[in-house]
>>> print(open('my_file_8.pdb').read())   # PDB, C-alpha atoms and all ligand atoms
MODEL        1
ATOM      1  CA  MET E   6      32.805 -88.704-140.889
ATOM      2  CA  PRO E   7      36.496 -88.325-141.932
ATOM      3  CA  ALA E   8      38.826 -87.406-139.057
ATOM      4  CA  MET E   9      39.361 -83.670-138.834
ATOM      5  CA  PRO E  10      42.777 -82.328-137.909
ATOM      6  CA  LEU E  11      42.957 -80.694-134.467
ATOM      7  CA  LEU E  12      41.971 -77.090-134.803
ATOM      8  CA  THR E  13      43.382 -74.340-132.655
ATOM      9  CA  GLY E  14      41.347 -71.537-131.169
ATOM     10  CA  PRO E  15      37.819 -71.935-132.517
ATOM     11  CA  LYS E  16      35.851 -68.694-132.219
ATOM     12  CA  ILE E  17      32.176 -68.282-131.400
ATOM     13  CA  ARG E  18      30.123 -66.363-133.963
ATOM     14  CA  PRO E  19      26.435 -66.163-134.930
ATOM     15  CA  MET E  20      25.219 -69.118-137.018
ATOM     16  CA  THR E  21      24.357 -68.474-140.668
ATOM     17  CA  GLU E  22      22.444 -70.565-143.181
ATOM     18  CA  LYS E  23      25.781 -71.495-144.828
ATOM     19  CA  ASP E  24      26.803 -73.357-141.624
ATOM     20  CA  ILE E  25      23.845 -75.734-141.672
ATOM     21  CA  ASP E  26      25.338 -78.426-143.960
ATOM     22  CA  GLN E  27      28.345 -78.773-141.646
ATOM     23  CA  LEU E  28      26.447 -78.668-138.386
ATOM     24  CA  LEU E  29      23.886 -81.226-139.572
ATOM     25  CA  ILE E  30      26.745 -83.749-139.815
ATOM     26  CA  ILE E  31      27.608 -83.070-136.149
ATOM     27  CA  GLU E  32      23.922 -83.137-135.135
ATOM     28  CA  VAL E  33      23.312 -86.542-136.772
ATOM     29  CA  ALA E  34      26.487 -87.954-135.192
ATOM     30  CA  SER E  35      25.449 -86.627-131.757
ATOM     31  CA  PHE E  36      21.756 -87.361-131.207
ATOM     32  CA  SER E  37      19.419 -90.330-131.601
ATOM     33  CA  ALA E  38      16.623 -87.940-132.605
ATOM     34  CA  PRO E  39      18.570 -85.220-134.465
ATOM     35  CA  TRP E  40      17.181 -81.856-135.462
ATOM     36  CA  THR E  41      16.570 -81.377-139.190
ATOM     37  CA  ARG E  42      17.620 -78.517-141.472
ATOM     38  CA  GLU E  43      14.166 -76.985-140.915
ATOM     39  CA  HIS E  44      14.771 -76.824-137.147
ATOM     40  CA  PHE E  45      17.975 -74.843-137.658
ATOM     41  CA  VAL E  46      16.398 -72.555-140.283
ATOM     42  CA  ALA E  47      13.571 -71.870-137.819
ATOM     43  CA  GLU E  48      16.137 -70.990-135.129
ATOM     44  CA  LEU E  49      17.824 -68.542-137.511
ATOM     45  CA  ASP E  50      14.464 -66.898-138.224
ATOM     46  CA  ALA E  51      12.967 -66.839-134.731
ATOM     47  CA  GLN E  52      12.960 -63.472-133.012
ATOM     48  CA  TYR E  53      13.957 -64.748-129.582
ATOM     49  CA  SER E  54      16.367 -67.495-130.677
ATOM     50  CA  PHE E  55      20.099 -66.970-130.735
ATOM     51  CA  PRO E  56      22.069 -69.669-132.575
ATOM     52  CA  TYR E  57      25.900 -69.650-132.590
ATOM     53  CA  VAL E  58      28.677 -71.789-133.975
ATOM     54  CA  ALA E  59      32.214 -72.448-132.779
ATOM     55  CA  ALA E  60      34.296 -72.338-135.948
ATOM     56  CA  ALA E  61      37.952 -72.331-136.903
ATOM     57  CA  ASP E  62      39.041 -71.587-140.454
ATOM     58  CA  ASP E  63      35.397 -71.844-141.574
ATOM     59  CA  VAL E  64      35.183 -75.359-140.181
ATOM     60  CA  VAL E  65      32.246 -75.672-137.781
ATOM     61  CA  VAL E  66      33.331 -77.695-134.722
ATOM     62  CA  GLY E  67      30.363 -77.045-132.462
ATOM     63  CA  TYR E  68      27.164 -75.072-132.083
ATOM     64  CA  LEU E  69      24.615 -73.860-129.623
ATOM     65  CA  CYS E  70      20.965 -72.851-129.986
ATOM     66  CA  MET E  71      19.346 -70.879-127.195
ATOM     67  CA  MET E  72      16.348 -68.664-126.668
ATOM     68  CA  SER E  73      15.956 -65.721-124.366
ATOM     69  CA  LEU E  74      12.665 -64.034-123.652
ATOM     70  CA  PHE E  75      12.211 -61.537-120.807
ATOM     71  CA  GLU E  76      13.627 -63.014-117.603
ATOM     72  CA  GLU E  77      14.085 -66.574-118.875
ATOM     73  CA  ALA E  78      16.607 -68.089-121.235
ATOM     74  CA  GLN E  79      16.912 -71.700-122.316
ATOM     75  CA  ILE E  80      19.576 -73.856-123.942
ATOM     76  CA  LEU E  81      17.858 -75.764-126.772
ATOM     77  CA  ASP E  82      20.695 -77.634-128.472
ATOM     78  CA  ILE E  83      24.449 -77.919-128.034
ATOM     79  CA  ALA E  84      26.921 -80.302-129.652
ATOM     80  CA  VAL E  85      30.578 -80.575-130.539
ATOM     81  CA  ALA E  86      32.043 -82.608-133.436
ATOM     82  CA  PRO E  87      32.967 -86.056-132.090
ATOM     83  CA  ASP E  88      36.632 -85.701-133.052
ATOM     84  CA  GLN E  89      36.917 -82.262-131.422
ATOM     85  CA  ARG E  90      35.472 -83.176-128.019
ATOM     86  CA  GLY E  91      37.374 -82.895-124.752
ATOM     87  CA  ARG E  92      39.108 -79.670-125.792
ATOM     88  CA  GLY E  93      36.918 -77.134-123.978
ATOM     89  CA  ILE E  94      34.749 -76.167-126.979
ATOM     90  CA  ALA E  95      31.451 -76.869-125.195
ATOM     91  CA  ARG E  96      32.688 -74.882-122.194
ATOM     92  CA  LEU E  97      33.385 -71.969-124.548
ATOM     93  CA  LEU E  98      29.861 -72.269-125.994
ATOM     94  CA  MET E  99      28.278 -72.444-122.515
ATOM     95  CA  ASP E 100      30.238 -69.380-121.308
ATOM     96  CA  HIS E 101      28.978 -67.581-124.399
ATOM     97  CA  ALA E 102      25.364 -68.660-123.750
ATOM     98  CA  ILE E 103      25.595 -67.400-120.171
ATOM     99  CA  SER E 104      26.900 -63.998-121.233
ATOM    100  CA  VAL E 105      24.309 -63.661-124.031
ATOM    101  CA  ALA E 106      21.499 -64.565-121.596
ATOM    102  CA  ARG E 107      22.793 -61.944-119.128
ATOM    103  CA  GLU E 108      23.047 -59.329-121.907
ATOM    104  CA  LYS E 109      19.425 -60.031-122.900
ATOM    105  CA  GLY E 110      18.359 -59.439-119.309
ATOM    106  CA  ALA E 111      17.536 -63.035-118.399
ATOM    107  CA  GLU E 112      17.636 -63.948-114.728
ATOM    108  CA  LEU E 113      17.500 -67.691-115.245
ATOM    109  CA  LEU E 114      19.075 -70.039-117.799
ATOM    110  CA  SER E 115      17.524 -73.500-117.941
ATOM    111  CA  LEU E 116      17.830 -76.713-119.924
ATOM    112  CA  GLU E 117      16.858 -80.348-119.975
ATOM    113  CA  VAL E 118      19.177 -83.285-120.540
ATOM    114  CA  ARG E 119      18.843 -87.073-120.795
ATOM    115  CA  ALA E 120      19.542 -88.692-117.436
ATOM    116  CA  SER E 121      22.142 -90.976-119.097
ATOM    117  CA  ASN E 122      24.098 -88.077-120.677
ATOM    118  CA  ILE E 123      26.854 -87.872-118.073
ATOM    119  CA  ALA E 124      29.203 -85.816-120.284
ATOM    120  CA  ALA E 125      26.540 -83.124-120.747
ATOM    121  CA  ILE E 126      25.437 -83.162-117.087
ATOM    122  CA  ASN E 127      29.086 -82.735-116.031
ATOM    123  CA  LEU E 128      29.478 -79.908-118.534
ATOM    124  CA  TYR E 129      26.432 -78.097-117.139
ATOM    125  CA  GLU E 130      27.495 -78.608-113.520
ATOM    126  CA  ARG E 131      30.939 -77.276-114.452
ATOM    127  CA  SER E 132      29.156 -74.210-115.863
ATOM    128  CA  GLY E 133      27.318 -73.624-112.592
ATOM    129  CA  PHE E 134      23.982 -75.309-113.327
ATOM    130  CA  VAL E 135      22.156 -77.226-110.605
ATOM    131  CA  ARG E 136      19.565 -79.997-110.910
ATOM    132  CA  THR E 137      16.051 -78.733-110.224
ATOM    133  CA  GLY E 138      13.813 -81.628-111.231
ATOM    134  CA  LEU E 139      13.134 -84.713-113.282
ATOM    135  CA  ARG E 140      10.599 -85.250-116.085
ATOM    136  CA  GLN E 141       9.915 -88.960-116.078
ATOM    137  CA  LYS E 142       9.933 -90.900-119.370
ATOM    138  CA  TYR E 143      10.174 -87.595-121.243
ATOM    139  CA  TYR E 144      12.163 -88.723-124.286
ATOM    140  CA  GLU E 145      11.032 -90.926-127.188
ATOM    141  CA  ASN E 146      12.786 -93.956-125.630
ATOM    142  CA  ARG E 147      11.030 -93.229-122.284
ATOM    143  CA  GLU E 148      14.258 -91.955-120.762
ATOM    144  CA  ASP E 149      13.933 -89.362-117.969
ATOM    145  CA  ALA E 150      14.886 -85.714-118.526
ATOM    146  CA  VAL E 151      16.928 -83.998-115.840
ATOM    147  CA  LEU E 152      15.953 -80.333-115.484
ATOM    148  CA  MET E 153      18.801 -77.969-114.686
ATOM    149  CA  GLU E 154      19.138 -74.232-114.227
ATOM    150  CA  LYS E 155      21.564 -71.477-113.444
ATOM    151  CA  ARG E 156      20.543 -68.264-111.706
ATOM    152  CA  LEU E 157      22.195 -65.420-113.573
ATOM    153  CA  LEU E 158      21.823 -62.778-110.899
ATOM    154  CA  ASP E 159      24.548 -64.572-108.902
ATOM    155  CA  LYS E 160      27.506 -62.826-110.529
ATOM    156  CA  CYS E 161      30.090 -65.056-108.940
ATOM    157  CA  CYS E 162      30.211 -68.088-111.361
TER     158      CYS E 162
HETATM  159  C1  LIG E 201      28.400 -82.858-124.165
HETATM  160  C2  LIG E 201      29.364 -82.259-125.195
HETATM  161  C3  LIG E 201      28.678 -81.044-125.845
HETATM  162  C4  LIG E 201      30.661 -81.819-124.498
HETATM  163  O1  LIG E 201      31.493 -81.188-125.453
HETATM  164  P1  LIG E 201      33.092 -81.045-125.243
HETATM  165  O2  LIG E 201      33.565 -79.957-126.152
HETATM  166  O3  LIG E 201      33.739 -82.358-125.382
HETATM  167  O4  LIG E 201      33.181 -80.578-123.716
HETATM  168  P2  LIG E 201      34.387 -79.784-123.039
HETATM  169  O5  LIG E 201      35.679 -80.307-123.578
HETATM  170  O6  LIG E 201      34.135 -78.313-123.129
HETATM  171  O7  LIG E 201      34.258 -80.259-121.531
HETATM  172  C5  LIG E 201      33.612 -79.455-120.547
HETATM  173  C6  LIG E 201      33.210 -80.333-119.375
HETATM  174  O8  LIG E 201      32.226 -81.286-119.777
HETATM  175  C7  LIG E 201      32.410 -82.516-119.065
HETATM  176  N1  LIG E 201      32.681 -83.591-120.029
HETATM  177  C8  LIG E 201      32.931 -83.447-121.355
HETATM  178  N2  LIG E 201      33.085 -84.651-121.934
HETATM  179  C9  LIG E 201      32.930 -85.568-120.950
HETATM  180  C10 LIG E 201      32.958 -86.990-120.921
HETATM  181  N3  LIG E 201      33.186 -87.713-122.036
HETATM  182  N4  LIG E 201      32.733 -87.619-119.753
HETATM  183  C11 LIG E 201      32.492 -86.925-118.621
HETATM  184  N5  LIG E 201      32.454 -85.547-118.583
HETATM  185  C12 LIG E 201      32.674 -84.894-119.729
HETATM  186  C13 LIG E 201      33.586 -82.302-118.138
HETATM  187  O9  LIG E 201      33.088 -81.844-116.897
HETATM  188  C14 LIG E 201      34.341 -81.176-118.830
HETATM  189  O10 LIG E 201      35.090 -80.388-117.952
HETATM  190  P3  LIG E 201      36.572 -80.864-117.491
HETATM  191  O11 LIG E 201      37.265 -81.298-118.737
HETATM  192  O12 LIG E 201      37.141 -79.624-116.917
HETATM  193  O13 LIG E 201      36.333 -81.953-116.519
HETATM  194  C15 LIG E 201      29.750 -83.316-126.292
HETATM  195  O14 LIG E 201      30.115 -84.526-125.651
HETATM  196  C16 LIG E 201      28.649 -83.592-127.288
HETATM  197  O15 LIG E 201      28.517 -82.929-128.311
HETATM  198  N6  LIG E 201      27.803 -84.615-127.014
HETATM  199  C17 LIG E 201      26.712 -84.997-127.905
HETATM  200  C18 LIG E 201      25.624 -83.957-127.913
HETATM  201  C19 LIG E 201      25.021 -83.772-126.533
HETATM  202  O16 LIG E 201      24.853 -84.707-125.774
HETATM  203  N7  LIG E 201      24.647 -82.497-126.230
HETATM  204  C20 LIG E 201      24.006 -82.158-124.977
HETATM  205  C21 LIG E 201      22.550 -82.342-125.116
HETATM  206  S1  LIG E 201      21.673 -81.918-123.633
ENDMDL
END
>>> encode(input="my_file_8.pdb", output="structure tokens")
Amino acid sequence: MPAMPLLTGPKIRPMTEKDIDQLLIIEVASFSAPWTREHFVAELDAQYSFPYVAAADDVVVGYLCMMSLFEEAQILDIAVAPDQRGRGIARLLMDHAISVAREKGAELLSLEVRASNIAAINLYERSGFVRTGLRQKYYENREDAVLMEKRLLDKCC
């Protein structure tokens, strides 16, 4: 992927179908088993899914897919363009996910992450998530999944 110039002040907005070409490039660069276009289209269509992008000047630099149903919300996918990482964009997306989940009335926000994904685990701990369990050999390469959650009724953090 060609290097993108540093962008100032990306804003979070709902994902649209027009964003998918750009975010697929980030998805493929970020995951060994990336989601396909159909996954993202399904997220846009699903009643209880809430997909967002972080974008500056129509350039998508990150995105987040989450679902929220009754008292439980879940982070399904989050990634930031490789050349835009380390600038707080994922933190912005996580703060947004937490406020959306609260708005929808969720009491718990949960996720699962590869045990080797230290950057993501740090991000989630920074956002107030705690480890609640381990699913052994959960991923296609038999890597463990760390289960994490944040209780949303604690208003402090
Ligand atoms: C994980 C990811 C989303 C972080 O995005 P980012 O925009 O670079 O993250 P931020 O700049 O907002 O950093 C927020 C926190 O994450 C943690 N973090 C981010 N990158 C890190 C790294 N390379 N190493 C260790 N911790 C890291 C830090 O705790 C950081 O807070 P701090 O800077 O105050 O210490 C990004 O690396 C990514 O897209 N990875 C590939 C996709 C992925 O793994 N998604 C998660 C799937 S579960």
>>> closest_atom_pairs(input="my_file_8.pdb", of="range 19-88 of chain E", to="range 103-127 of chain E", cutoff="7 Å", atoms="all atoms listed in the file", output="tab-separated table")
residue	atom	partner	partner_atom	distance
E:Ser73	CA	E:Ala106	CA	6.3
E:Phe75	CA	E:Ala111	CA	6.0
E:Glu76	CA	E:Ala111	CA	4.0
E:Glu77	CA	E:Ala111	CA	5.0
E:Ala78	CA	E:Leu114	CA	4.7
E:Gln79	CA	E:Ser115	CA	4.8
E:Ile80	CA	E:Leu116	CA	5.2
E:Leu81	CA	E:Leu116	CA	6.9
>>> atom_distance(input="my_file_8.pdb", atom1="CA of Asp88 in chain E", atom2="atom O14 of ligand LIG 201 (chain E)")
9.9 Å
>>> residues_around(input="my_file_8.pdb", residues="Phe134 in chain E", least_positions_apart="3", cutoff="7 Å", atoms="all atoms listed in the file", output="VMD selection string")
chain E and resid 129 to 130 153 to 155
>>> resolve_selection(input="my_file_8.pdb", expression="the PyMOL selection byres (((not hetatm)) within 7 of (chain E and resi 201))", output="list in words")
Ser35, Phe36, Asp82, Ile83, Ala84, Val85, Ala86, Pro87, Gln89, Arg90, Gly91, Arg92, Gly93, Ile94, Ala95, Arg96, Leu97, Glu117, Val118, Arg119, Asn122, Ile123, Ala124, Ala125, Asn127, Leu128 and Arg131 of chain E
>>> atom_distance(input="my_file_8.pdb", atom1="CA of His101 in chain E", atom2="CA of Thr137 in chain E")
22.2 Å
>>> atom_distance(input="my_file_8.pdb", atom1="CA of Leu28 in chain E", atom2="CA of Val66 in chain E")
7.9 Å
>>> residues_around(input="my_file_8.pdb", residues="Val64 in chain E", least_positions_apart="3", cutoff="12 Å", atoms="all atoms listed in the file", output="PyMOL selection string")
chain E and resi 9-17+23-28+30-31+58-61+67-68+85-86+89
>>> resolve_selection(input="my_file_8.pdb", expression="the PyMOL selection byres (((chain E and resi 140) around 8) and not hetatm)", output="JSON, numbers by chain")
{"E": [138, 139, 141, 142, 143, 149, 150, 151, 152]}
